[in-house]
Each structure stands twice: as C-alpha cells, then as structure tokens.
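Okay, input33.cif now, which holds mmCIF, C-alpha atoms and all ligand atoms:
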data_target
loop_
_atom_site.label_atom_id
_atom_site.label_comp_id
_atom_site.auth_asym_id
_atom_site.auth_seq_id
_atom_site.Cartn_x
_atom_site.Cartn_y
_atom_site.Cartn_z
CA MET M 178 -12.36 7.01 -10.88
CA LYS M 179 -12.43 4.68 -13.84
CA ILE M 180 -9.44 2.46 -14.50
CA GLU M 181 -10.09 2.26 -18.23
CA GLY M 182 -8.37 4.99 -20.21
CA ARG M 183 -6.27 6.29 -17.28
CA THR M 184 -2.65 5.90 -16.22
CA PHE M 185 -1.70 4.72 -12.74
CA VAL M 186 1.78 5.07 -11.23
CA VAL M 187 2.85 2.07 -9.15
CA SER M 188 6.12 2.15 -7.19
CA GLY M 189 7.35 -1.30 -6.18
CA GLY M 190 5.34 -2.38 -9.22
CA ALA M 191 7.85 -5.03 -10.32
CA SER M 192 7.04 -7.45 -7.48
CA GLY M 193 4.43 -8.72 -5.05
CA LEU M 194 1.48 -6.49 -4.18
CA GLY M 195 2.45 -3.63 -6.52
CA ARG M 196 2.91 -6.03 -9.41
CA ALA M 197 -0.59 -7.49 -8.84
CA CYS M 198 -2.02 -3.95 -9.00
CA VAL M 199 -0.19 -3.30 -12.29
CA GLN M 200 -1.60 -6.52 -13.77
CA ASP M 201 -5.13 -5.72 -12.61
CA ILE M 202 -4.99 -2.14 -13.94
CA VAL M 203 -3.80 -3.24 -17.37
CA ALA M 204 -6.33 -6.11 -17.47
CA HIS M 205 -9.07 -3.50 -17.02
CA GLY M 206 -7.98 -1.10 -19.74
CA GLY M 207 -5.71 1.19 -17.76
CA ASN M 208 -2.03 1.95 -18.33
CA ALA M 209 0.64 1.45 -15.69
CA ALA M 210 3.89 3.29 -15.04
CA ILE M 211 6.00 0.77 -13.12
CA LEU M 212 8.64 2.34 -10.88
CA ASP M 213 11.04 -0.01 -9.16
CA MET M 214 14.70 -0.71 -8.46
CA ASN M 215 14.41 -4.21 -9.89
CA GLU M 216 14.92 -3.56 -13.59
CA GLU M 217 14.90 -7.20 -14.66
CA SER M 218 11.48 -7.99 -13.14
CA GLY M 219 10.08 -4.63 -14.26
CA GLN M 220 11.11 -5.10 -17.88
CA ALA M 221 9.82 -8.69 -17.85
CA LEU M 222 6.44 -7.41 -16.66
CA VAL M 223 6.32 -4.82 -19.46
CA LYS M 224 7.05 -7.60 -21.94
CA GLU M 225 4.19 -9.64 -20.49
CA LEU M 226 1.70 -6.75 -20.59
CA GLY M 227 2.77 -4.87 -23.74
CA ALA M 228 4.85 -1.69 -24.04
CA ASP M 229 1.78 0.31 -25.14
CA LYS M 230 0.07 -0.42 -21.80
CA ALA M 231 2.94 -0.52 -19.33
CA ARG M 232 6.28 1.24 -19.03
CA PHE M 233 9.08 0.55 -16.61
CA TRP M 234 11.36 3.16 -15.09
CA THR M 235 14.24 2.33 -12.79
CA CYS M 236 13.48 4.38 -9.72
CA ASP M 237 14.83 4.54 -6.20
CA VAL M 238 12.12 6.30 -4.21
CA THR M 239 14.71 7.58 -1.73
CA ASP M 240 16.38 9.58 -4.51
CA THR M 241 14.38 12.75 -5.09
CA GLU M 242 16.14 13.64 -8.39
CA ASN M 243 15.54 10.15 -9.69
CA ILE M 244 11.82 10.59 -8.92
CA SER M 245 11.77 13.99 -10.70
CA ALA M 246 13.23 12.43 -13.85
CA VAL M 247 10.70 9.59 -13.76
CA VAL M 248 7.80 12.01 -13.24
CA LYS M 249 8.94 13.94 -16.32
CA ALA M 250 9.31 10.78 -18.40
CA THR M 251 5.89 9.45 -17.32
CA VAL M 252 4.17 12.74 -18.13
CA GLU M 253 5.82 12.74 -21.58
CA TRP M 254 4.78 9.13 -22.20
CA ILE M 255 1.19 10.17 -21.49
CA LYS M 256 1.34 13.40 -23.54
CA LYS M 257 3.22 12.17 -26.58
CA GLU M 258 2.24 8.51 -26.81
CA THR M 259 -0.81 7.26 -24.92
CA GLY M 260 -3.15 10.17 -24.23
CA LYS M 261 -4.35 8.34 -21.09
CA PRO M 262 -4.35 10.93 -18.28
CA LEU M 263 -3.08 10.17 -14.79
CA GLY M 264 -5.78 8.62 -12.62
CA GLY M 265 -3.88 7.62 -9.53
CA ILE M 266 -0.66 7.00 -7.64
CA ILE M 267 0.04 3.78 -5.76
CA PRO M 268 3.28 4.11 -3.75
CA ALA M 269 3.76 0.43 -2.92
CA ALA M 270 7.58 0.24 -2.74
CA GLY M 271 8.58 -0.96 0.70
CA VAL M 272 11.25 -2.73 2.73
CA GLY M 273 11.16 -4.74 5.97
CA ASN M 274 14.69 -4.90 7.47
CA PRO M 275 13.78 -6.11 11.00
CA GLY M 276 16.01 -5.33 13.98
CA LEU M 277 15.60 -5.27 17.75
CA MET M 278 15.55 -1.89 19.51
CA LEU M 279 18.24 -3.31 21.78
CA ASP M 280 19.83 -6.66 20.92
CA LYS M 281 21.32 -9.42 23.07
CA LYS M 282 24.77 -7.81 22.77
CA ASN M 283 23.37 -4.56 24.21
CA GLN M 284 23.60 -2.85 20.82
CA PRO M 285 20.79 -0.40 20.00
CA LEU M 286 19.09 -0.50 16.62
CA SER M 287 21.41 1.20 14.14
CA LEU M 288 20.48 4.61 12.86
CA ASP M 289 21.34 3.44 9.34
CA SER M 290 18.73 0.72 9.61
CA ILE M 291 16.12 3.17 10.93
CA ASP M 292 16.91 5.69 8.17
CA PHE M 293 16.76 3.00 5.49
CA VAL M 294 13.27 1.78 6.48
CA LEU M 295 11.84 5.25 7.07
CA GLY M 296 13.54 6.49 3.88
CA VAL M 297 11.85 3.98 1.59
CA ASN M 298 8.51 3.39 3.33
CA LEU M 299 7.74 6.90 4.60
CA ARG M 300 9.86 9.54 2.86
CA GLY M 301 9.71 7.59 -0.42
CA THR M 302 5.92 7.37 -0.26
CA LEU M 303 5.62 11.09 0.49
CA ASP M 304 8.17 12.24 -2.09
CA LEU M 305 6.78 10.12 -4.92
CA THR M 306 3.24 11.27 -4.15
CA ARG M 307 4.14 14.95 -3.80
CA GLN M 308 6.08 15.04 -7.06
CA PHE M 309 3.29 13.41 -9.11
CA LEU M 310 0.49 15.39 -7.45
CA PRO M 311 0.76 18.65 -9.45
CA HIS M 312 0.28 16.59 -12.62
CA LEU M 313 -2.69 14.70 -11.19
CA ALA M 314 -4.21 18.01 -10.11
CA ASN M 315 -3.78 19.30 -13.68
CA THR M 316 -6.01 16.61 -15.21
CA THR M 317 -9.52 17.48 -16.35
CA PRO M 318 -11.97 16.57 -13.58
CA VAL M 319 -14.45 13.83 -14.47
CA GLY M 320 -17.95 12.71 -13.49
CA GLU M 321 -20.66 14.58 -11.61
CA ASP M 322 -18.32 14.95 -8.58
CA LEU M 323 -15.45 16.36 -10.65
CA GLU M 324 -12.93 13.77 -9.54
CA ARG M 325 -9.29 13.89 -10.59
CA GLY M 326 -7.83 10.76 -9.06
CA VAL M 327 -6.83 8.73 -6.07
CA ILE M 328 -3.72 8.04 -3.98
CA ILE M 329 -3.61 4.52 -2.57
CA MET M 330 -0.90 4.06 0.04
CA VAL M 331 0.25 0.81 1.63
CA ALA M 332 0.54 0.55 5.42
CA SER M 333 0.60 -2.79 7.25
CA ALA M 334 -0.93 -4.61 10.20
CA ALA M 335 2.37 -3.55 11.84
CA ALA M 336 0.99 0.00 11.92
CA PHE M 337 -1.31 -1.22 14.72
CA GLU M 338 0.39 -4.25 16.29
CA GLY M 339 4.02 -4.32 15.25
CA GLN M 340 5.93 -7.36 16.43
CA MET M 341 9.34 -7.71 18.03
CA GLY M 342 11.99 -6.36 15.70
CA GLN M 343 9.53 -4.12 13.88
CA VAL M 344 10.04 -0.76 15.60
CA ALA M 345 11.32 1.01 12.47
CA TYR M 346 8.88 -0.76 10.15
CA ALA M 347 5.94 -0.05 12.48
CA ALA M 348 7.02 3.60 12.73
CA SER M 349 7.03 3.91 8.94
CA LYS M 350 3.70 2.16 8.44
CA GLY M 351 2.05 3.89 11.41
CA ALA M 352 3.07 7.19 9.84
CA VAL M 353 1.58 6.19 6.49
CA ALA M 354 -1.68 5.29 8.24
CA ALA M 355 -1.62 8.57 10.21
CA MET M 356 -1.12 10.77 7.16
CA THR M 357 -4.09 9.30 5.28
CA LEU M 358 -6.74 11.63 6.73
CA PRO M 359 -4.76 14.91 6.62
CA MET M 360 -3.69 14.15 3.06
CA ALA M 361 -7.32 13.50 2.07
CA ARG M 362 -8.27 16.81 3.69
CA ASP M 363 -5.50 18.67 1.84
CA LEU M 364 -6.44 17.18 -1.52
CA SER M 365 -10.23 17.26 -1.34
CA ARG M 366 -10.38 20.69 -3.01
CA PHE M 367 -8.69 19.14 -6.06
CA GLY M 368 -11.06 16.17 -6.27
CA ILE M 369 -8.29 13.76 -5.25
CA ARG M 370 -8.98 10.99 -2.72
CA VAL M 371 -6.58 9.17 -0.40
CA VAL M 372 -7.05 5.57 0.74
CA THR M 373 -4.57 3.37 2.63
CA VAL M 374 -4.61 -0.42 2.71
CA ALA M 375 -3.07 -2.19 5.73
CA PRO M 376 -2.42 -5.83 4.84
CA SER M 377 -1.42 -8.67 7.15
CA MET M 378 0.94 -11.32 5.74
CA PHE M 379 0.63 -11.64 1.96
CA GLU M 380 2.59 -13.80 -0.46
CA SER M 381 5.26 -11.59 -2.02
CA GLY M 382 8.98 -11.12 -2.46
CA MET M 383 9.09 -9.60 1.04
CA THR M 384 7.54 -12.60 2.79
CA ALA M 385 9.24 -15.23 0.60
CA VAL M 386 12.44 -14.62 2.59
CA LEU M 387 10.84 -15.24 6.02
CA SER M 388 12.11 -18.25 7.96
CA ASP M 389 9.80 -21.26 8.34
CA LYS M 390 9.55 -20.49 12.08
CA VAL M 391 8.30 -16.95 11.49
CA ARG M 392 5.95 -18.02 8.70
CA THR M 393 4.41 -20.84 10.81
CA GLY M 394 4.10 -18.48 13.78
CA LEU M 395 2.34 -15.84 11.71
CA GLN M 396 0.04 -18.44 10.20
CA LYS M 397 -0.99 -19.57 13.70
CA ALA M 398 -2.17 -16.02 14.40
CA MET M 399 -4.50 -16.05 11.44
CA GLU M 400 -8.22 -16.56 11.90
CA PHE M 401 -9.94 -17.17 8.57
CA PRO M 402 -8.64 -17.82 6.03
CA ALA M 403 -5.65 -19.30 7.88
CA ARG M 404 -3.16 -18.57 5.11
CA PRO M 405 -1.25 -15.61 3.75
CA GLY M 406 -3.22 -13.34 1.46
CA LYS M 407 -2.66 -13.59 -2.27
CA PRO M 408 -1.48 -10.57 -4.26
CA HIS M 409 -4.61 -10.61 -6.45
CA GLU M 410 -6.74 -10.24 -3.28
CA PHE M 411 -4.80 -7.08 -2.44
CA ALA M 412 -5.19 -5.80 -6.00
CA ALA M 413 -8.95 -6.47 -5.84
CA LEU M 414 -9.27 -4.05 -2.90
CA VAL M 415 -7.11 -1.43 -4.62
CA HIS M 416 -9.31 -1.81 -7.71
CA HIS M 417 -12.42 -1.17 -5.60
CA ALA M 418 -10.79 1.79 -3.85
CA ILE M 419 -9.99 3.34 -7.23
CA GLU M 420 -13.60 2.97 -8.37
CA ASN M 421 -15.56 3.77 -5.19
CA ILE M 422 -15.64 7.55 -4.75
CA MET M 423 -17.00 7.32 -1.18
CA LEU M 424 -13.79 5.69 0.04
CA ASN M 425 -11.62 8.55 1.21
CA GLY M 426 -9.38 9.40 4.17
CA VAL M 427 -9.59 5.85 5.47
CA VAL M 428 -7.19 3.03 6.40
CA ILE M 429 -8.62 -0.38 5.49
CA ARG M 430 -7.23 -3.51 7.13
CA LEU M 431 -7.00 -6.49 4.80
CA ASP M 432 -6.13 -9.29 7.18
CA GLY M 433 -8.74 -12.06 7.56
CA ALA M 434 -9.18 -10.96 11.22
CA THR M 435 -5.48 -11.54 12.01
CA ARG M 436 -4.10 -9.65 15.00
CA MET M 437 -0.33 -9.96 15.21
CA PRO M 438 0.82 -11.56 18.50
CA SER M 439 3.67 -10.21 20.60
CA LYS M 440 5.80 -13.31 20.18
CA LEU M 441 5.76 -16.10 17.60
N1 LIG Z 1 3.70 -8.88 1.82
C1 LIG Z 1 3.27 -8.58 3.00
O1 LIG Z 1 3.02 -9.46 3.83
C2 LIG Z 1 3.02 -7.15 3.37
C3 LIG Z 1 2.26 -6.88 4.51
C4 LIG Z 1 2.02 -5.58 4.87
C5 LIG Z 1 2.50 -4.54 4.09
N2 LIG Z 1 3.24 -4.83 2.98
C6 LIG Z 1 3.72 -3.70 2.17
O2 LIG Z 1 3.35 -3.89 0.84
C7 LIG Z 1 4.24 -3.17 0.00
C8 LIG Z 1 4.68 -4.07 -1.13
O3 LIG Z 1 5.53 -5.07 -0.61
P1 LIG Z 1 5.54 -6.58 -1.14
O4 LIG Z 1 5.08 -7.43 -0.03
O5 LIG Z 1 4.84 -6.66 -2.44
O6 LIG Z 1 7.11 -6.83 -1.26
P2 LIG Z 1 8.04 -7.10 -2.53
O7 LIG Z 1 9.41 -7.19 -1.95
O8 LIG Z 1 7.52 -8.26 -3.31
O9 LIG Z 1 7.88 -5.78 -3.41
C9 LIG Z 1 8.44 -4.55 -3.02
C10 LIG Z 1 9.06 -3.89 -4.23
O10 LIG Z 1 9.55 -2.61 -3.82
C11 LIG Z 1 10.77 -2.39 -4.50
N3 LIG Z 1 11.59 -1.44 -3.78
C12 LIG Z 1 12.26 -1.60 -2.61
N4 LIG Z 1 12.94 -0.49 -2.30
C13 LIG Z 1 12.70 0.41 -3.29
C14 LIG Z 1 13.12 1.72 -3.53
N5 LIG Z 1 13.96 2.36 -2.69
N6 LIG Z 1 12.68 2.35 -4.64
C15 LIG Z 1 11.85 1.72 -5.50
N7 LIG Z 1 11.42 0.45 -5.33
C16 LIG Z 1 11.85 -0.20 -4.23
C17 LIG Z 1 11.44 -3.77 -4.58
O11 LIG Z 1 12.41 -3.82 -5.63
C18 LIG Z 1 10.24 -4.67 -4.85
O12 LIG Z 1 10.04 -4.88 -6.23
C19 LIG Z 1 5.38 -2.68 0.91
O13 LIG Z 1 5.16 -1.33 1.22
C20 LIG Z 1 5.22 -3.55 2.14
O14 LIG Z 1 5.74 -2.92 3.28
C21 LIG Z 1 3.50 -6.11 2.60
#

As structure tokens, what does this structure read like?
Ligand SMILES: NC(=O)c1ccc[n+]([C@@H]2O[C@H](COP(=O)([O-])OP(=O)(O)OC[C@H]3O[C@@H](n4cnc5c(N)ncnc54)[C@H](O)[C@@H]3O)[C@@H](O)[C@H]2O)c1
Amino acid sequence: MKIEGRTFVVSGGASGLGRACVQDIVAHGGNAAILDMNEESGQALVKELGADKARFWTCDVTDTENISAVVKATVEWIKKETGKPLGGIIPAAGVGNPGLMLDKKNQPLSLDSIDFVLGVNLRGTLDLTRQFLPHLANTTPVGEDLERGVIIMVASAAAFEGQMGQVAYAASKGAVAAMTLPMARDLSRFGIRVVTVAPSMFESGMTAVLSDKVRTGLQKAMEFPARPGKPHEFAALVHHAIENIMLNGVVIRLDGATRMPSKL
C-alpha cells in the first residue's frame, strides 16, 4: 500500500506513538484522520500539518455512536474534499491504568478498572476497525495483488511478559496480539492486511507519567539501545508495514531485545 494519495485513520493520533504515525503519513503525501479525546492537542497537530492534509475528530473509542459519526464525517471529507481513498486504519488509542489483582488491603482489582482498560484497548480497537472496514473494503483495489489497505494494531511487550499490576493491560494487549492472525484470515479475500506492533517502553504521554523508580527499573531491563524508544522509531515500522505487502497476520516486537522482568 502506498502512503501517498491515501487517507489513514489514526486513533490516539493526538499524542505519542499515534501522533508520530500521523506526522510520518502526512510527511509522505498521505492524509490523516486524527481521532482522539484530546481536542486541544489534536487541533494543534492539524494546525501544524495543514487542514487539507489532516483533520481532527473528537472521538471516544468506547462510544460506538461517536465512532459511527466520525466514520461518516471521515468518509465525507474524503468524498467531498480530498479524493484520497482510505488506505489503512491504525487504532493506537490506549490507556494503562495499572492495578494489582489483589492489593495489600486484600481488595481485588476493581471491575471498573478492568472494564476501562479492556474497553479502550480491546473493544475500542475492534469497534473502530469494524466500523471503518466496510469503507476500506469499498475502495478500488490497487497494484498487481489488488490490495485495498492495511490495519495496524498496537499491542505491547506486556502481551507477552506483563509486569505486576498489568493484568488488565496485559489481557487487552494479549487479545490484540491474538486477534491479528484471525483478522488477517478474515480480511484476506478483500485484499486487506493486518499487522500488529508490540512496543516496549517508548517516550509518550503514557510513559511521561511513570515514576522515576519505574522508569529506571524498566531501563535496567533494556539490552540495546538501553533507552526508551522514540515515537519516530515506532512510526518508521508502521510506515514499513504499510508499504510491505508480505507483512500480514504477524505481531512484530519493537523492543531492542528488552524482556520485561517480574519485579523492578
Ligand atoms: N509508550 C509506550 O511505552 C507503549 C508501549 C507499548 C504499547 N503502547 C501502546 O501504544 C498506544 C499509544 O500510546 P502512547 O504511548 O502513544 O500513549 P499516549 O498517552 O501518548 O497516547 C494515547 C492517546 O490515546 C488517547 N485516548 C485514550 N483513551 C481514548 C479513548 N477512549 N478514545 C480515543 N482516544 C483515547 C489519548 O487521549 C492519547 O492522545 C497505546 O495503545 C499503548 O497501549 C505504548
């Protein structure tokens, strides 16, 4: 799939890893539909990139009607204004919200906390993808393989070695990793690929709030390079996954050989 001349939908596109993807897509001649709850950062990004190349929609991926309205608006933006067909969906919105399965006061992890993390990271990823898919499948197939586009989901190293306090987060990211292959199988007949990236610690809004103790502990677990990844390094892999048609049904770790330890 070429980036130039196509539109890519990026949830969580106002910050961190999603934002880097938006910037990379626009820098290479694509358009970006930025879906996020953070209106201020989203609008600032549109201002930086130009309203002809990027559009922001306030979107809570846990709200299915909100997604429907944004799908409609994005499709109209493409039809009436840009003429750049959909080329891919990057559901990058995510939340951490750590909590122990059973805490020191003998309190089990709250169901609200579990629902919140699964709601954004898992249900939100699925719902956003499923609602955009009919429109992606309606695009004219391109190239000798008749490709229509690519879904690039975001898991985490926590899908494989979640740490203490990450039961809900690991469940959500493990599920995203697990659905990569069946989704690729379901969508192959439409010429749509599915790739998932599983990053270790990257600089972003999510990791900016970590305590120094956690950050230092995580950095100790890193092999080479012994530092958090940079958002543009994540976007570089997404860029390659968009362009390389042989990448499909696969979860790619992007972690500098980091394996998360049990305790920090
Ligand atoms: N940064 C890391 O170290 C790291 C590691 C592994 C996986 N990830 C994953 O990468 C993805 C991007 O996270 P990030 O690190 O860039 O964090 P971030 O906090 O910088 O960006 C996440 C964005 O998602 C948005 N968001 C949150 N809930 C939303 C909702 N309900 N609807 C719409 N938007 C919502 C936030 O407003 C924010 O702009 C997440 O799925 C995260 O789990 C991040």

Between chain M and ligand LIG 1 (chain Z), at 9 Å or less, what are the per-residue closest atom pairs and their distances in Å? Count all atoms listed in the file, order by chain and rising residue number, and return it as a tab-separated table.
residue	atom	partner	partner_atom	distance
M:Ser188	CA	Z:LIG1	N7	5.9
M:Gly189	CA	Z:LIG1	O10	3.5
M:Gly190	CA	Z:LIG1	O12	6.1
M:Ala191	CA	Z:LIG1	O12	4.6
M:Ser192	CA	Z:LIG1	O12	4.1
M:Gly193	CA	Z:LIG1	O5	3.4
M:Leu194	CA	Z:LIG1	O5	3.8
M:Gly195	CA	Z:LIG1	O5	5.6
M:Arg196	CA	Z:LIG1	O5	7.3
M:Ala197	CA	Z:LIG1	O5	8.4
M:Leu212	CA	Z:LIG1	C15	6.3
M:Asp213	CA	Z:LIG1	N7	3.9
M:Met214	CA	Z:LIG1	N7	4.7
M:Asn215	CA	Z:LIG1	O11	4.7
M:Glu216	CA	Z:LIG1	O11	8.4
M:Ser218	CA	Z:LIG1	O12	7.7
M:Gly219	CA	Z:LIG1	O12	8.0
M:Thr235	CA	Z:LIG1	C15	7.7
M:Cys236	CA	Z:LIG1	C15	5.2
M:Asp237	CA	Z:LIG1	N6	3.4
M:Val238	CA	Z:LIG1	N6	4.0
M:Thr239	CA	Z:LIG1	N5	5.4
M:Asp240	CA	Z:LIG1	N5	7.8
M:Pro268	CA	Z:LIG1	O13	7.6
M:Ala269	CA	Z:LIG1	C7	4.7
M:Ala270	CA	Z:LIG1	O10	3.6
M:Gly271	CA	Z:LIG1	O13	3.5
M:Val272	CA	Z:LIG1	O14	5.5
M:Gly273	CA	Z:LIG1	O14	6.3
M:Phe293	CA	Z:LIG1	N5	8.7
M:Gly296	CA	Z:LIG1	N5	7.8
M:Val297	CA	Z:LIG1	N5	5.0
M:Asn298	CA	Z:LIG1	O13	6.2
M:Gly301	CA	Z:LIG1	N5	7.1
M:Thr302	CA	Z:LIG1	O13	8.9
M:Met330	CA	Z:LIG1	O13	8.2
M:Val331	CA	Z:LIG1	O13	5.4
M:Ala332	CA	Z:LIG1	C5	5.6
M:Ser333	CA	Z:LIG1	C4	3.9
M:Ala334	CA	Z:LIG1	C4	6.2
M:Ala335	CA	Z:LIG1	C4	7.3
M:Tyr346	CA	Z:LIG1	O14	7.9
M:Ser349	CA	Z:LIG1	O14	9.0
M:Lys350	CA	Z:LIG1	O14	7.5
M:Val374	CA	Z:LIG1	C5	8.3
M:Ala375	CA	Z:LIG1	C4	6.2
M:Pro376	CA	Z:LIG1	C4	4.4
M:Ser377	CA	Z:LIG1	C3	4.9
M:Met378	CA	Z:LIG1	O1	3.4
M:Phe379	CA	Z:LIG1	O1	3.7
M:Glu380	CA	Z:LIG1	N1	5.5
M:Ser381	CA	Z:LIG1	O8	4.2
M:Gly382	CA	Z:LIG1	O8	3.3
M:Met383	CA	Z:LIG1	O7	3.9
M:Thr384	CA	Z:LIG1	N1	5.4
M:Ala385	CA	Z:LIG1	O8	8.2
M:Pro405	CA	Z:LIG1	O1	7.5
M:Gly406	CA	Z:LIG1	O1	7.7
M:Lys407	CA	Z:LIG1	N1	8.9
M:Pro408	CA	Z:LIG1	O5	7.7

Do you have the atom CA of Asn208 of chain M-atom CA of Gly368 of chain M distance handy?
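Those two atoms sit 20.7 Å apart.
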
Rounded to one decimal in Å, what is the spacing between atom CA of Glu181 of chain M and atom CA of Val199 of chain M?
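We find that atom CA of Glu181 of chain M and atom CA of Val199 of chain M lie 12.8 Å from each other.
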
Quick one: pull the distance between atom CA of Leu286 of chain M and atom CA of Thr435 of chain M, Å, one decimal.
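Answer for the atom CA of Leu286 of chain M to atom CA of Thr435 of chain M separation: 27.3 Å.
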
Any chance you could tabulate, as a Markdown table, the residues of segment 297-350 of chain M at most 7 Å from segment 241-246 of chain M with each one's nearest atom pair and distance in Å to one decimal, using all atoms listed in the file, in chain and rising number order?
| residue | atom | partner | partner_atom | distance |
| --- | --- | --- | --- | --- |
| M:Asp304 | CA | M:Thr241 | CA | 6.9 |
| M:Leu305 | CA | M:Ile244 | CA | 6.5 |
| M:Gln308 | CA | M:Ser245 | CA | 6.8 |
